[in-house]
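Structure, as structure tokens:
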Amino acid sequence: MPHFTVTKVPDAEESDTIEEPSWIKEPISFDHSETVGSDRSLTSITGENSLLLDEVRKRENSVFLNNSHYHSVSYDDDDEYCDKNLALFEEEMDTRPKVSSLLNRLANYTNLPQGAKEHEEAESIDEGKKKPIKSPRMGTFMGVYLPCLQNIFGVILFLRLTWVVGTAGVLEAFCIVCICCCCTMLTAISMSAIATNGVVPAGGSYFMISRALGPEFGGAVGLCFYLGTTFAAAMYILGAIEIFLNYISPPAAIFSGEGSMLNNMRVYGTCFLILMAVVVFVGVKYVNKLASLFLACVIISILAIYAGIIKSAFAPPNFQICMLGNHTLKSYGIDSCSKMRTVGNETLRTALWDFFCSSGELNATCDPYFHLNNVSYIQGIPGVASGIIADNLYSTYLSKGDPLEKASLPSVGLPESLSHFVTADIATSFTVLVGIFFPSVTGIMAGSNRSGDLKDAQKSIPIGTILAILTTSLVYMSAVILFGACVEGVVLRDKFGDAANGNLVVGMLSWPSPWVIVIGSFFSTCGAGLQSLTGAPRLLQAIAKDNIIPFLRVFGHGKANGEPTWALLLTAGIAELGILIASLDLVAPILSMFFLMCYLFVNLACAVQTLLRTPNWRPRFRYYHWALSFLGMSICLALMFISSWYYAIVAMVIAGMIYKYIEYQGAEKEWGDGIRGLSLSAARFALLRLEEGPPHTKNWRPQVLVLLKLDDDLHVKYARLLTFASQLKAGKGLTIVGSVIVGNFLDKYGEALAAEQTVKHLMDKEKVKGFCQVVVAAKVREGISHLIQSCGLGGMKHNTVVMGWPYGWRQSEDPRAWKTFIGTVRVTTAAHLALLVAKNIAFFPANKEQFTEGTIDVWWIVHDGGMLMLLPFLLRQHKVWKKCKMRIFTVAQMEDNSIQMKKDLATFLYHLRIEADVEVVEMHDSDISAYTYERTLMMEQRCQMLRQMRLSKTERQREAQLVKDRNSMLRLASIGSEEEDETDATPEKVHMTWTREKYLASKVSTVQGPHGFRELLTIRPDQSNVRRMHTAVKLNEVIVNRSHDARLVLLNMPGPPRNPEGDENYMEFLEVLTEGLERVLLVRGGGTEVITIYS
């Protein structure tokens, strides 16, 4: 097998202007696979490699192929571009890679760490610049199951679950747990479907929701989830401080007295927050290393609770509660649960006596309730076999300040003071308990947040998350039943352990020691707070880097290693707000709202994708259904309003404001989201409904096609046409902006895209809501005809064409401008479309201008379906024209009754509900003036002269071509322009063979013919032209006389002549008709009624 070495030798011209890539200068080795002659091989190899080298620049920007592979390329049998088996496709290999190449890229795909830019952007980074990423190795158990357990089990389990069971009763508490767990289970099913629908880079719920529902929903819900995570950090810190001050070190309290606990929580909470923020700032690796320790604390604490419950069945702890009547006494300062005690033969008073009596004497004045009721002990934890569950089945909701009572004990009267009794610190109800308990089931997103670290995220996320929810649900449900079966009701309702010497109730139940629960719950809450402070800034950084919310861009930056420093500062500031609330029971409902809203939209995303049946919706997780997603969404919405309706409204308002802000100010993103698919389905349904029949007159509104003219630099010539369209539409209905580029589509495609972007930018500037379409055609008239015929879809098609007046048509030797104009008029008439021609468009007002006075004058000469009545009404809806009054003029002939016409017109406007001044102008019959006759004569002479001038120009061009090549085939242009006039009698393309004699003879006959220049002096004007000129002059005199100071004049536009030979005269008539008017809108109806007097 011969081996060749080919070296690229640049041409002299290329070496001066083109800088070749460095690797091209290297010799390229090529192993030829066929045994052929040396000469033939060299020729073929040189040719192939020359083509490859010429096209290398195209391949460098390929979106599919890794460009680094070509830095040192060996073109052998397996080369991508020289594979003989794919030679048929080799010219497209730069944009359509081989399947093997594509699969190689997909096989090497790695998830990106959280907070990095999208994987789509990362694919364009050169291989040499990428940092090596360790292959993720975490499985289902370590990567999803345990992190979910750690995040779900938290402060509520240890500090509030017993209180929830005692207050709501076993039945209602079990119902609360079931509802919350069903909500998270249904959300996990929906989340599993989304997470397994393709490879999901790290980013968690925000990535899933934003890519499924679009940037607006994604940004709104992402920020809500961020706020929820931030307030969760505050809740965990408050829980840790509550454990520390109440159960670990009560003497550490700085403040004492009534309400001092709140201030202690604020001071210690702020210190804890600063300490945790510093730990997170120093390094997240320390937080991750401590995560296992914190998880171990949670698991050991739960096992200790179950061990204590089992032990209580045969050896319940000695845990006595002192009762006065049926009221629960605080244990602080009580040395004996009795009124008196006997020491030897002496009867002594107890601390209780001092609490309720004025002195230590036996005849002292005491609280009547103290005298009338006995003091007794009850067993606080009678054990699981005691049957106490029967007393705890039903709810005991209390108002703030109500004492804790045991209904089975006798009681007489009411105490005068409740300062020594255990009382409720907040008012309780079913809805309040739902809001407080729900944070204990959140944390199901922990697995999806770590998708970048999972070996097989599509397998691990569903299994691990659902197993974690089943485990935690089982623990919560069993704990509700077992707490109700083991602990006395008044002890369960004692939130802070006031009747148990300040001990944690669930700690007294545990085995072997209460300190296992106290220490374990403290470290678990601290760990959960650190995890929240770690995750929230990264979530905010991911949102900021997506660049969908402009004012958050600063939080996308961080330290050199990518740590979100600014986002951490903002997170700490928001968490401080939660700590200043200083109440776990008030912070919990706030984060419940944000988490519920996040879960609601996860379910919505799954339901929308399922119902739309988009081709890309192919989840590996099969056990989902849109009905389950809707049920989960309904439960989330119900829980939001059950727990706190005002918090729910505030959360929804915040999300709605973020949604609208992103919609109007955020960067446009196309993520293939479900809302876009939903919009397409809704649009399809609406379009099919519109196809059922033509719109009723009452529903008619101008659906506008604006025809813009572009200059050579692809800039819009008359931008005020768009301004006028925006004022006419006021954002309602359909607006299509069209333009034409002359040329071949294959050559001009890039220019068409550039022109479309220019027009779209101008539309945004003028605030025109609509669509843009730029077509490439051989002639302008053909392009406009294509636009008029094909723009729109189904029932959403334009019914009105807006265009500008062809300025300078008189001075131009090239008749293309006015011929295109008249052709457009004819096409719109044939299509039964309305036509609006704005003359002097440069003088039309901008959107920032506003007329404070003036009139819009309508000259209603012939009936056009009511367009002249409707247009001023629509214009006056805009602020520019709002203060202009409307005047309607109509023309009466000699035989008409002008007085009756005015009355009838006023009645007609009254029924149309249009306010306008009415005036009837009488036009008397008069002889044709000399001015009119002279104007007509000048018009016809000018037309004839221009025709001769164009003919002379054609002859000069023909002579020059003849000198160049006498035997060439000449194309006779009828008007000497790039565009042929279809209406001329001469065929468009005539090919003749000329001789010198024939050319001279034709030239002599042309000069001496009837169309010579000397014949111009003997032309007599056509009588029909004289009559038309007379009408134009008379109407112009009347209009200028009455409407010279009007802000805008609308009048009927006469139709073009049926004989195309009179087209140029038609343009002159329109010029005469509108002379002396500043702003004119020529209106031509589409042949249908657009306004009605009926309701």
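To be explicit about the labels: the chains of the structure tokens are called A, B, and onward in the order shown, and within each one the residues are counted from 1, while ligands get numbers from 1 in the order they are shown.
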
Query raised in the report: Could you pull the residues within 8 Å of stretch 464-473 of chain A, counting only C-alpha atoms, minus those fewer than 2 positions along the same chain, as a PyMOL selection string?
Result: chain A and resi 140-141+144-146+148-149+152-153+177-178+181+184-185+188-189+441+444-445+447+460-462+475-477

Output of the above residues as an mmCIF file, in the first residue's frame, restricted to N, CA, C and O atoms:
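Saved to selection04.cif:
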```
data_model
loop_
_atom_site.group_PDB
_atom_site.id
_atom_site.type_symbol
_atom_site.label_atom_id
_atom_site.label_comp_id
_atom_site.auth_asym_id
_atom_site.auth_seq_id
_atom_site.Cartn_x
_atom_site.Cartn_y
_atom_site.Cartn_z
ATOM 1 N N THR A 140 -27.836 5.245 43.372
ATOM 2 C CA THR A 140 -29.160 5.648 43.862
ATOM 3 C C THR A 140 -29.150 5.870 45.365
ATOM 4 O O THR A 140 -29.699 6.865 45.860
ATOM 5 N N PHE A 141 -28.505 4.993 46.105
ATOM 6 C CA PHE A 141 -28.573 5.068 47.565
ATOM 7 C C PHE A 141 -27.829 6.283 48.098
ATOM 8 O O PHE A 141 -28.386 7.097 48.837
ATOM 9 N N VAL A 144 -29.060 9.838 45.886
ATOM 10 C CA VAL A 144 -30.434 10.358 45.902
ATOM 11 C C VAL A 144 -31.139 10.024 47.212
ATOM 12 O O VAL A 144 -31.697 10.895 47.876
ATOM 13 N N TYR A 145 -31.128 8.749 47.596
ATOM 14 C CA TYR A 145 -31.944 8.316 48.730
ATOM 15 C C TYR A 145 -31.536 8.999 50.029
ATOM 16 O O TYR A 145 -32.367 9.628 50.706
ATOM 17 N N LEU A 146 -30.255 8.905 50.374
ATOM 18 C CA LEU A 146 -29.807 9.494 51.648
ATOM 19 C C LEU A 146 -29.896 11.026 51.653
ATOM 20 O O LEU A 146 -30.330 11.613 52.654
ATOM 21 N N CYS A 148 -32.062 12.856 50.121
ATOM 22 C CA CYS A 148 -33.484 13.186 50.288
ATOM 23 C C CYS A 148 -33.924 12.964 51.727
ATOM 24 O O CYS A 148 -34.680 13.770 52.287
ATOM 25 N N LEU A 149 -33.471 11.863 52.334
ATOM 26 C CA LEU A 149 -33.818 11.631 53.745
ATOM 27 C C LEU A 149 -33.322 12.776 54.613
ATOM 28 O O LEU A 149 -34.040 13.264 55.504
ATOM 29 N N ILE A 152 -35.532 15.859 54.006
ATOM 30 C CA ILE A 152 -36.939 15.757 54.399
ATOM 31 C C ILE A 152 -37.070 15.736 55.921
ATOM 32 O O ILE A 152 -37.856 16.489 56.502
ATOM 33 N N PHE A 153 -36.296 14.849 56.578
ATOM 34 C CA PHE A 153 -36.318 14.844 58.044
ATOM 35 C C PHE A 153 -35.662 16.123 58.535
ATOM 36 O O PHE A 153 -34.564 16.470 58.126
ATOM 37 N N VAL A 177 -50.742 14.537 57.655
ATOM 38 C CA VAL A 177 -49.552 13.869 57.141
ATOM 39 C C VAL A 177 -49.848 13.212 55.796
ATOM 40 O O VAL A 177 -49.045 13.293 54.849
ATOM 41 N N CYS A 178 -51.012 12.577 55.678
ATOM 42 C CA CYS A 178 -51.361 11.899 54.427
ATOM 43 C C CYS A 178 -51.476 12.896 53.276
ATOM 44 O O CYS A 178 -50.976 12.645 52.165
ATOM 45 N N CYS A 181 -47.957 14.173 52.370
ATOM 46 C CA CYS A 181 -47.145 13.143 51.734
ATOM 47 C C CYS A 181 -47.678 12.794 50.351
ATOM 48 O O CYS A 181 -46.888 12.513 49.434
ATOM 49 N N THR A 184 -46.358 15.441 47.971
ATOM 50 C CA THR A 184 -44.957 15.262 47.564
ATOM 51 C C THR A 184 -44.778 14.013 46.707
ATOM 52 O O THR A 184 -43.944 13.987 45.806
ATOM 53 N N MET A 185 -45.562 12.966 46.963
ATOM 54 C CA MET A 185 -45.444 11.753 46.154
ATOM 55 C C MET A 185 -45.874 12.019 44.714
ATOM 56 O O MET A 185 -45.206 11.617 43.748
ATOM 57 N N ALA A 188 -43.293 14.021 43.076
ATOM 58 C CA ALA A 188 -42.111 13.212 42.751
ATOM 59 C C ALA A 188 -42.345 12.396 41.485
ATOM 60 O O ALA A 188 -41.425 12.203 40.680
ATOM 61 N N ILE A 189 -43.566 11.911 41.280
ATOM 62 C CA ILE A 189 -43.876 11.164 40.054
ATOM 63 C C ILE A 189 -43.733 12.071 38.839
ATOM 64 O O ILE A 189 -43.125 11.704 37.824
ATOM 65 N N VAL A 441 -42.081 17.807 54.955
ATOM 66 C CA VAL A 441 -42.085 16.856 53.839
ATOM 67 C C VAL A 441 -41.379 17.429 52.620
ATOM 68 O O VAL A 441 -41.304 16.770 51.575
ATOM 69 N N ILE A 444 -37.688 17.009 48.612
ATOM 70 C CA ILE A 444 -37.701 15.909 47.642
ATOM 71 C C ILE A 444 -36.858 16.223 46.419
ATOM 72 O O ILE A 444 -36.610 15.347 45.589
ATOM 73 N N MET A 445 -36.431 17.496 46.256
ATOM 74 C CA MET A 445 -35.624 17.864 45.092
ATOM 75 C C MET A 445 -34.132 17.620 45.294
ATOM 76 O O MET A 445 -33.340 17.899 44.402
ATOM 77 N N GLY A 447 -32.344 14.985 45.303
ATOM 78 C CA GLY A 447 -31.751 14.072 44.338
ATOM 79 C C GLY A 447 -31.580 14.703 42.975
ATOM 80 O O GLY A 447 -30.525 14.565 42.335
ATOM 81 N N SER A 460 -31.633 6.727 38.783
ATOM 82 C CA SER A 460 -31.499 6.946 40.228
ATOM 83 C C SER A 460 -32.529 7.927 40.767
ATOM 84 O O SER A 460 -33.052 7.726 41.868
ATOM 85 N N ILE A 461 -32.822 8.996 40.022
ATOM 86 C CA ILE A 461 -33.711 10.035 40.554
ATOM 87 C C ILE A 461 -35.105 9.494 40.865
ATOM 88 O O ILE A 461 -35.616 9.695 41.970
ATOM 89 N N PRO A 462 -35.780 8.785 39.949
ATOM 90 C CA PRO A 462 -37.116 8.284 40.307
ATOM 91 C C PRO A 462 -37.092 7.292 41.463
ATOM 92 O O PRO A 462 -37.878 7.421 42.405
ATOM 93 N N VAL A 475 -42.446 6.817 58.301
ATOM 94 C CA VAL A 475 -41.981 7.289 59.616
ATOM 95 C C VAL A 475 -42.969 8.294 60.199
ATOM 96 O O VAL A 475 -43.367 8.198 61.378
ATOM 97 N N TYR A 476 -43.419 9.263 59.403
ATOM 98 C CA TYR A 476 -44.337 10.274 59.911
ATOM 99 C C TYR A 476 -45.673 9.658 60.327
ATOM 100 O O TYR A 476 -46.218 9.976 61.399
ATOM 101 N N MET A 477 -46.206 8.783 59.495
ATOM 102 C CA MET A 477 -47.517 8.196 59.823
ATOM 103 C C MET A 477 -47.441 7.313 61.058
ATOM 104 O O MET A 477 -48.324 7.361 61.932
#
```

Report task. Report the residues of stretch 777-882 of chain A whose backbone DSSP state falls under alpha helix (DSSP H), written as a PyMOL selection string. Result -> chain A and resi 780-790+816-830+867-875

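Take atom CA of A:Leu586 and atom CA of A:Leu245: the distance between them is 18.5 Å.
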
Requested in this report: Would you mind listing what lies within 10 Å of stretch 783-796 of chain A as a VMD selection string, with only C-alpha atoms counted and same-chain residues fewer than 3 positions away left out?
Outcome: chain A and resid 684 686 to 695 703 705 707 733 to 742 771 to 780 799 to 801 820 to 821 823 to 824 826 to 828 831 833

Report task. Please identify all polymer residues within 12 Å of A:Lys289, counting only C-alpha atoms, omitting same-chain residues fewer than 5 positions from it, and present them as a PyMOL selection string. Result -> chain A and resi 283-284+294-295+527+530-531

Any chance you can output those residues with all heavy atoms as a PDB file, in the first residue's frame?
```
ATOM      1  N   GLY A 283     -15.620  27.425  52.231  1.00  0.00           N
ATOM      2  CA  GLY A 283     -15.528  26.258  51.357  1.00  0.00           C
ATOM      3  C   GLY A 283     -16.718  25.343  51.501  1.00  0.00           C
ATOM      4  O   GLY A 283     -17.067  24.936  52.620  1.00  0.00           O
ATOM      5  N   VAL A 284     -17.332  25.044  50.363  1.00  0.00           N
ATOM      6  CA  VAL A 284     -18.473  24.139  50.377  1.00  0.00           C
ATOM      7  C   VAL A 284     -18.029  22.712  50.672  1.00  0.00           C
ATOM      8  O   VAL A 284     -18.811  21.901  51.153  1.00  0.00           O
ATOM      9  CB  VAL A 284     -19.204  24.206  49.016  1.00  0.00           C
ATOM     10  CG1 VAL A 284     -20.405  23.287  48.991  1.00  0.00           C
ATOM     11  CG2 VAL A 284     -19.617  25.621  48.719  1.00  0.00           C
ATOM     12  N   PHE A 294     -24.174  14.841  59.813  1.00  0.00           N
ATOM     13  CA  PHE A 294     -25.513  15.350  60.116  1.00  0.00           C
ATOM     14  C   PHE A 294     -26.585  14.309  59.798  1.00  0.00           C
ATOM     15  O   PHE A 294     -27.552  14.151  60.547  1.00  0.00           O
ATOM     16  CB  PHE A 294     -25.783  16.625  59.321  1.00  0.00           C
ATOM     17  CG  PHE A 294     -24.852  17.756  59.672  1.00  0.00           C
ATOM     18  CD1 PHE A 294     -24.414  18.649  58.709  1.00  0.00           C
ATOM     19  CD2 PHE A 294     -24.397  17.924  60.976  1.00  0.00           C
ATOM     20  CE1 PHE A 294     -23.564  19.683  59.029  1.00  0.00           C
ATOM     21  CE2 PHE A 294     -23.541  18.957  61.313  1.00  0.00           C
ATOM     22  CZ  PHE A 294     -23.109  19.837  60.339  1.00  0.00           C
ATOM     23  N   LEU A 295     -26.426  13.587  58.709  1.00  0.00           N
ATOM     24  CA  LEU A 295     -27.385  12.544  58.359  1.00  0.00           C
ATOM     25  C   LEU A 295     -27.378  11.433  59.396  1.00  0.00           C
ATOM     26  O   LEU A 295     -28.437  10.897  59.775  1.00  0.00           O
ATOM     27  CB  LEU A 295     -27.064  11.994  56.970  1.00  0.00           C
ATOM     28  CG  LEU A 295     -27.951  10.847  56.471  1.00  0.00           C
ATOM     29  CD1 LEU A 295     -29.406  11.291  56.404  1.00  0.00           C
ATOM     30  CD2 LEU A 295     -27.480  10.357  55.118  1.00  0.00           C
ATOM     31  N   GLY A 527     -27.032  21.255  60.261  1.00  0.00           N
ATOM     32  CA  GLY A 527     -26.634  20.740  58.960  1.00  0.00           C
ATOM     33  C   GLY A 527     -27.618  21.110  57.866  1.00  0.00           C
ATOM     34  O   GLY A 527     -27.223  21.475  56.747  1.00  0.00           O
ATOM     35  N   LEU A 530     -27.045  24.685  56.929  1.00  0.00           N
ATOM     36  CA  LEU A 530     -25.873  24.831  56.062  1.00  0.00           C
ATOM     37  C   LEU A 530     -26.181  24.380  54.634  1.00  0.00           C
ATOM     38  O   LEU A 530     -25.750  25.011  53.664  1.00  0.00           O
ATOM     39  CB  LEU A 530     -24.708  24.013  56.625  1.00  0.00           C
ATOM     40  CG  LEU A 530     -23.964  24.622  57.820  1.00  0.00           C
ATOM     41  CD1 LEU A 530     -22.963  23.630  58.371  1.00  0.00           C
ATOM     42  CD2 LEU A 530     -23.259  25.910  57.407  1.00  0.00           C
ATOM     43  N   GLN A 531     -26.912  23.288  54.494  1.00  0.00           N
ATOM     44  CA  GLN A 531     -27.261  22.810  53.153  1.00  0.00           C
ATOM     45  C   GLN A 531     -28.119  23.836  52.413  1.00  0.00           C
ATOM     46  O   GLN A 531     -27.939  24.079  51.213  1.00  0.00           O
ATOM     47  CB  GLN A 531     -28.021  21.472  53.259  1.00  0.00           C
ATOM     48  CG  GLN A 531     -27.194  20.310  53.746  1.00  0.00           C
ATOM     49  CD  GLN A 531     -26.202  19.821  52.707  1.00  0.00           C
ATOM     50  OE1 GLN A 531     -26.259  20.186  51.543  1.00  0.00           O
ATOM     51  NE2 GLN A 531     -25.255  18.986  53.135  1.00  0.00           N
TER      52      GLN A 531
END
```

**Report entry** DSSP-assigned strand (DSSP E or B) among stretch 632-787 of chain A, expressed as a ChimeraX atom specification
**Finding:** /A:704-707,710,716,735-742,771-777

Take the residues from that selection and write them out as a PDB file, in the first residue's frame, keeping C-alpha atoms.
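Generated output (out20.pdb):
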```
ATOM      1  CA  VAL A 704     -52.771  45.060   8.342  1.00  0.00           C
ATOM      2  CA  LEU A 705     -50.055  44.144   5.855  1.00  0.00           C
ATOM      3  CA  VAL A 706     -47.534  47.010   5.867  1.00  0.00           C
ATOM      4  CA  LEU A 707     -45.360  47.165   2.757  1.00  0.00           C
ATOM      5  CA  LEU A 710     -35.635  49.005   1.810  1.00  0.00           C
ATOM      6  CA  VAL A 716     -36.161  50.965   6.011  1.00  0.00           C
ATOM      7  CA  THR A 735     -49.961  43.179  11.839  1.00  0.00           C
ATOM      8  CA  ILE A 736     -47.653  41.785   9.170  1.00  0.00           C
ATOM      9  CA  VAL A 737     -44.717  43.821   7.933  1.00  0.00           C
ATOM     10  CA  GLY A 738     -43.507  42.771   4.497  1.00  0.00           C
ATOM     11  CA  SER A 739     -40.728  43.807   2.151  1.00  0.00           C
ATOM     12  CA  VAL A 740     -39.206  42.620  -1.104  1.00  0.00           C
ATOM     13  CA  ILE A 741     -35.573  42.119  -2.113  1.00  0.00           C
ATOM     14  CA  VAL A 742     -34.876  41.876  -5.829  1.00  0.00           C
ATOM     15  CA  PHE A 771     -44.826  39.413  12.260  1.00  0.00           C
ATOM     16  CA  CYS A 772     -42.226  40.169   9.636  1.00  0.00           C
ATOM     17  CA  GLN A 773     -41.791  38.546   6.247  1.00  0.00           C
ATOM     18  CA  VAL A 774     -39.159  39.426   3.657  1.00  0.00           C
ATOM     19  CA  VAL A 775     -39.363  37.700   0.270  1.00  0.00           C
ATOM     20  CA  VAL A 776     -36.855  37.532  -2.560  1.00  0.00           C
ATOM     21  CA  ALA A 777     -38.275  37.908  -6.056  1.00  0.00           C
TER      22      ALA A 777
END
```

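For the pair atom CA of A:Lys1034 and atom CA of A:Phe889, the interatomic distance is 14.8 Å.
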
Query raised in the report: In Å to one decimal, how far is atom CA of A:Cys297 from atom CA of A:Leu492?
Result: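 About the pair atom CA of A:Leu492 and atom CA of A:Cys297: they are 23.4 Å apart.
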
List as a PDB file with C-alpha atoms, in the first residue's frame the protein and nucleic acid residues near stretch 911-922 of chain A, meaning an atom at most 10 Å away when only C-alpha atoms are counted, but skip any in the same chain fewer than 6 places from it.
```pdb
ATOM      1  CA  THR A 855     -59.439  67.688  13.450  1.00  0.00           C
ATOM      2  CA  ILE A 856     -59.392  64.493  11.438  1.00  0.00           C
ATOM      3  CA  ASP A 857     -61.313  65.285   8.251  1.00  0.00           C
ATOM      4  CA  VAL A 858     -63.036  62.524   6.318  1.00  0.00           C
ATOM      5  CA  TRP A 859     -64.075  63.254   2.720  1.00  0.00           C
ATOM      6  CA  TRP A 860     -66.702  60.629   1.975  1.00  0.00           C
ATOM      7  CA  MET A 869     -65.840  56.003   9.209  1.00  0.00           C
ATOM      8  CA  LEU A 870     -63.972  53.276  11.048  1.00  0.00           C
ATOM      9  CA  PRO A 872     -60.684  57.793  12.417  1.00  0.00           C
ATOM     10  CA  PHE A 873     -62.440  56.015  15.281  1.00  0.00           C
ATOM     11  CA  LYS A 885     -62.164  65.908  16.679  1.00  0.00           C
ATOM     12  CA  MET A 886     -63.692  64.119  13.727  1.00  0.00           C
ATOM     13  CA  ARG A 887     -65.360  65.901  10.820  1.00  0.00           C
ATOM     14  CA  ILE A 888     -67.124  64.177   7.935  1.00  0.00           C
ATOM     15  CA  PHE A 889     -67.626  65.914   4.612  1.00  0.00           C
ATOM     16  CA  THR A 890     -69.682  64.538   1.784  1.00  0.00           C
ATOM     17  CA  VAL A 891     -70.275  65.925  -1.696  1.00  0.00           C
ATOM     18  CA  ALA A 892     -73.702  66.831  -3.066  1.00  0.00           C
ATOM     19  CA  GLN A 893     -74.453  67.346  -6.729  1.00  0.00           C
ATOM     20  CA  MET A 894     -76.971  69.787  -8.145  1.00  0.00           C
ATOM     21  CA  ASP A 896     -79.182  66.185  -4.538  1.00  0.00           C
ATOM     22  CA  ASN A 897     -81.017  67.599  -1.509  1.00  0.00           C
ATOM     23  CA  SER A 898     -78.095  68.730   0.601  1.00  0.00           C
ATOM     24  CA  ILE A 899     -80.200  69.502   3.685  1.00  0.00           C
ATOM     25  CA  GLN A 900     -81.732  66.032   3.709  1.00  0.00           C
ATOM     26  CA  MET A 901     -78.331  64.476   3.071  1.00  0.00           C
ATOM     27  CA  LYS A 902     -76.942  66.199   6.148  1.00  0.00           C
ATOM     28  CA  LYS A 903     -79.826  64.960   8.320  1.00  0.00           C
ATOM     29  CA  LEU A 905     -75.735  61.428   7.546  1.00  0.00           C
ATOM     30  CA  VAL A1038     -62.924  72.205  -2.081  1.00  0.00           C
ATOM     31  CA  ILE A1039     -60.783  69.955   0.144  1.00  0.00           C
ATOM     32  CA  ARG A1042     -62.144  73.256   4.084  1.00  0.00           C
ATOM     33  CA  ILE A1091     -69.104  48.775  10.103  1.00  0.00           C
ATOM     34  CA  THR A1092     -72.719  48.237  11.138  1.00  0.00           C
ATOM     35  CA  ILE A1093     -75.424  50.040  13.065  1.00  0.00           C
ATOM     36  CA  TYR A1094     -76.669  46.811  14.696  1.00  0.00           C
ATOM     37  CA  SER A1095     -75.530  45.480  18.057  1.00  0.00           C
TER      38      SER A1095
END
```

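With only C-alpha atoms as the atoms that count, the residue of A:Thr525, A:Ser592, A:Thr442, A:Thr1088 with the shortest distance to A:Cys182 is A:Thr442.
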
Query raised in the report: Within 10 Å of A:Met763, counting only C-alpha atoms, which residues qualify if same-chain residues fewer than 6 places away don't, as a PyMOL selection string?
Result: chain A and resi 719+722-723+726+737+757+769-772

**Report entry** For A:Gly143, the nearest of the candidates A:Lys819, A:Lys767, A:Lys709, A:Lys459, counting only C-alpha atoms
**Finding:**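 That would be A:Lys459, the residue with the smallest distance to A:Gly143.
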
Query raised in the report: Using only C-alpha atoms, which of A:Ala304, A:Leu223, A:Val422, A:Leu584 sits nearest A:Met597?
Result: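 Ranking A:Ala304, A:Leu223, A:Val422, A:Leu584 by distance to A:Met597, first place goes to A:Leu223.
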
If you count only C-alpha atoms, which residues fall within 9 Å of A:Ile237, apart from same-chain ones fewer than 6 positions away, as a PDB file with N, CA and C atoms, in the first residue's frame?
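Below is the file that was written, result_4.pdb:
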```pdb
ATOM      1  N   GLY A 269     -29.802  33.947  66.543  1.00  0.00           N
ATOM      2  CA  GLY A 269     -30.031  33.561  65.153  1.00  0.00           C
ATOM      3  C   GLY A 269     -29.135  34.324  64.204  1.00  0.00           C
ATOM      4  N   THR A 270     -28.964  35.622  64.449  1.00  0.00           N
ATOM      5  CA  THR A 270     -28.078  36.423  63.601  1.00  0.00           C
ATOM      6  C   THR A 270     -26.632  35.944  63.719  1.00  0.00           C
ATOM      7  N   PHE A 272     -25.631  32.898  64.551  1.00  0.00           N
ATOM      8  CA  PHE A 272     -25.536  31.609  63.886  1.00  0.00           C
ATOM      9  C   PHE A 272     -25.501  31.788  62.370  1.00  0.00           C
ATOM     10  N   LEU A 273     -26.325  32.701  61.849  1.00  0.00           N
ATOM     11  CA  LEU A 273     -26.373  32.928  60.399  1.00  0.00           C
ATOM     12  C   LEU A 273     -25.036  33.424  59.879  1.00  0.00           C
ATOM     13  N   THR A 525     -30.418  20.060  62.530  1.00  0.00           N
ATOM     14  CA  THR A 525     -30.949  21.348  62.083  1.00  0.00           C
ATOM     15  C   THR A 525     -29.828  22.271  61.620  1.00  0.00           C
ATOM     16  N   CYS A 526     -28.694  22.236  62.296  1.00  0.00           N
ATOM     17  CA  CYS A 526     -27.554  23.039  61.839  1.00  0.00           C
ATOM     18  C   CYS A 526     -27.097  22.575  60.454  1.00  0.00           C
ATOM     19  N   ALA A 528     -28.926  21.034  58.178  1.00  0.00           N
ATOM     20  CA  ALA A 528     -29.929  21.406  57.181  1.00  0.00           C
ATOM     21  C   ALA A 528     -29.825  22.891  56.836  1.00  0.00           C
ATOM     22  N   GLY A 529     -29.523  23.722  57.852  1.00  0.00           N
ATOM     23  CA  GLY A 529     -29.347  25.151  57.582  1.00  0.00           C
ATOM     24  C   GLY A 529     -28.160  25.404  56.677  1.00  0.00           C
ATOM     25  N   ILE A 579     -35.101  35.412  60.218  1.00  0.00           N
ATOM     26  CA  ILE A 579     -34.656  35.282  61.614  1.00  0.00           C
ATOM     27  C   ILE A 579     -35.237  36.408  62.466  1.00  0.00           C
TER      28      ILE A 579
END
```

Query raised in the report: Of the candidates A:Val602, A:Phe843, A:Ile519, A:Met640, which shows the shortest atom-to-atom distance to A:Trp626, using only C-alpha atoms?
Result: A:Val602

Query raised in the report: For A:Tyr623, which of A:Gly166, A:Ala193, A:Asp546, A:Gly854 is the closest residue, counting only C-alpha atoms?
Result: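 Under the stated criterion, the closest residue is A:Ala193.
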